[in-house]
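Novice: Below is the structure I would like to discuss, written out as structure tokens.
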Amino acid sequence: PPLESLVAAIDSMLDWMMESNHICCVSCRSGKGRTGLVVSCLLLANFSHTHDAAEDAMNSFSTARVSQGVAMTVPSQRRWVRYFAARNNTLRSGPIGLSQVKFSVGAFGLLPDQGNWLGRQQNALDPVVRCKVLVFAWVQEDNKWEVKKVFSSKLLKADKEDNYTAEMVDKSGRPLVLAGAFRIMLSKALDNGELMEGPSCWLHAHHVEEETVIGGSECDFPRSYRQALFGARGGDQEAGWGLTVTFSSMSSR
């Protein structure tokens, strides 16, 4: 969610629970990811004497919610808990300019009827494969928050070293200005002209370094991709995915 909305929701829950016998119930589809995000932030806000770090709060939620393993597996949701923990110690208060995204691709595994995600066949790069970098952002209009696409790169082709570079600038060479929460998504261009959703990550303009590297284990993947790679139960989010996204030449605007 927008970080501002998350902070407001936690404050509202704390105010409600100040009254005797008041409780809060949190739920989502599985009661793990989004629920874990909110409950972990609530622990950080209300029980800082025992949960002074994001990892402590998320571990406590996992212990209470599941018998084994980790309850929160989506990297961006875990990142949001860390952002909440650092909400009073941000790197900046204003927007940033995102000018370039670079990423390299390792062995990704197969998607149903699609071959390898970026077109690898027998460890050889398919020269006709193209992909795009899309950027989505939370935008507030008429007191409502909506996710909107704010940028689409040109079709990209890997260079000789198997790297992709997307210039995130307009026709005048000005960088893409981002002020809050935004999502970077890699999408493969299919033969029919449509785009197939690939790895992505949610970040916040106030919390990213001027040069930030996002490893593959820190990216979110579509459910169909994870199932194809790891089976019906999904995969270990901490496994090396072979994907790195680099934000470079970002400056305050």
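We label chains A, B, ... in the order they appear in the structure tokens, count residues from 1 in each chain, and number ligands from 1 in the order shown.
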Which residues are near Ala181 in chain A? Cut-off 12 Å, only C-alpha atoms, ignore same chain within fewer than 5 positions. Put them as an MDAnalysis selection string.

Specialist: chainID A and resid 1:6 76 79:80 83 95:96 135:140 145:148 150 201:208

Novice: If I take CA of Arg65 in chain A and CA of Arg82 in chain A, how far is one from the other in Å, to one decimal?

Specialist: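 Computed distance, CA of Arg65 in chain A to CA of Arg82 in chain A, equals 19.5 Å.
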
Novice: Write down as a PyMOL selection string the residues of range 10-215 of chain A whose backbone DSSP state falls under helix (DSSP H, G or I).

Specialist: chain A and resi 10-17+33-46+54-65+75-85

Novice: Any chance you can output those residues with C-alpha atoms as a compact mmCIF listing (two decimals), in the first residue's frame?

Specialist:
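And here is the file that came out, result.txt:
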```txt
# COMPACT_ATOMS: atom_id res chain seq x y z
CA ILE A 10 -1.48 1.74 12.10
CA ASP A 11 -2.11 5.03 13.93
CA SER A 12 -5.87 4.45 13.65
CA MET A 13 -5.53 0.91 15.02
CA LEU A 14 -3.45 2.13 17.95
CA ASP A 15 -6.02 4.82 18.77
CA TRP A 16 -8.80 2.23 18.69
CA MET A 17 -6.96 -0.19 20.96
CA GLY A 33 1.33 -11.71 3.32
CA ARG A 34 -0.73 -8.53 3.59
CA THR A 35 -1.93 -9.49 7.06
CA GLY A 36 1.65 -10.11 8.12
CA LEU A 37 2.70 -6.73 6.77
CA VAL A 38 0.10 -4.87 8.86
CA VAL A 39 0.56 -6.96 12.02
CA SER A 40 4.35 -6.66 11.85
CA CYS A 41 4.08 -2.88 11.54
CA LEU A 42 1.64 -2.82 14.46
CA LEU A 43 4.16 -4.74 16.58
CA LEU A 44 6.86 -2.24 15.64
CA ALA A 45 4.64 0.70 16.56
CA ASN A 46 3.12 -0.63 19.78
CA ALA A 54 11.61 -5.25 11.33
CA GLU A 55 13.00 -8.79 11.24
CA ASP A 56 12.01 -9.36 14.89
CA ALA A 57 8.43 -8.31 14.17
CA MET A 58 8.13 -10.47 11.04
CA ASN A 59 9.66 -13.47 12.83
CA SER A 60 7.16 -13.09 15.69
CA PHE A 61 4.29 -13.04 13.22
CA SER A 62 5.61 -16.16 11.46
CA THR A 63 5.94 -18.00 14.78
CA ALA A 64 2.33 -17.20 15.65
CA ARG A 65 0.88 -17.80 12.17
CA PRO A 75 9.96 -9.63 -0.85
CA SER A 76 8.23 -6.28 -1.44
CA GLN A 77 5.92 -6.86 1.54
CA ARG A 78 8.93 -7.58 3.75
CA ARG A 79 10.64 -4.48 2.35
CA TRP A 80 7.59 -2.41 3.31
CA VAL A 81 7.90 -3.52 6.94
CA ARG A 82 11.53 -2.34 6.89
CA TYR A 83 10.43 0.96 5.39
CA PHE A 84 7.87 1.35 8.17
CA ALA A 85 10.55 0.68 10.78
```

Novice: With only C-alpha atoms as the atoms that count, which of A:Lys171, A:Arg130, A:Lys149, A:Lys32 lies nearest to Arg183 in chain A?

Specialist: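 Distance minimum relative to Arg183 in chain A lands on A:Lys149.
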
Novice: Suppose you want the space between CA of Leu195 in chain A and CA of Lys132 in chain A; what is it in Å?

Specialist: 8.2 Å

Novice: Which residue out of A:Ala8, A:Met185, A:Val101, A:Cys25 has the minimum interatomic distance to Thr212 in chain A when only C-alpha atoms are used?

Specialist: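 The shortest atom-to-atom distance to Thr212 in chain A comes from A:Val101.
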
Novice: Which distance in Å separates CA of Leu156 in chain A and CA of Cys131 in chain A, to one decimal?

Specialist: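 Computing it gives 5.2 Å between the two atoms.
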
Novice: A:Val66, A:Asp142, A:Glu209, A:Phe221: which is nearest Thr90 in chain A, counting only C-alpha atoms?

Specialist: A:Glu209

Novice: DSSP on the backbone: what in range 127-231 of chain A comes out strand (DSSP E or B), as a PyMOL selection string?

Specialist: chain A and resi 131-141+144-152+156+163-167+169+175-178+181-189+195-204+212-215+220

Novice: Residues within 10 Å of Arg174 in chain A, please, as a list in words. Count only C-alpha atoms; anything in the same chain fewer than 5 positions from it doesn't count.

Specialist: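 These residues fall inside the cut-off: Gly97, Leu98, Ser99, Met168 and Val169 of chain A.
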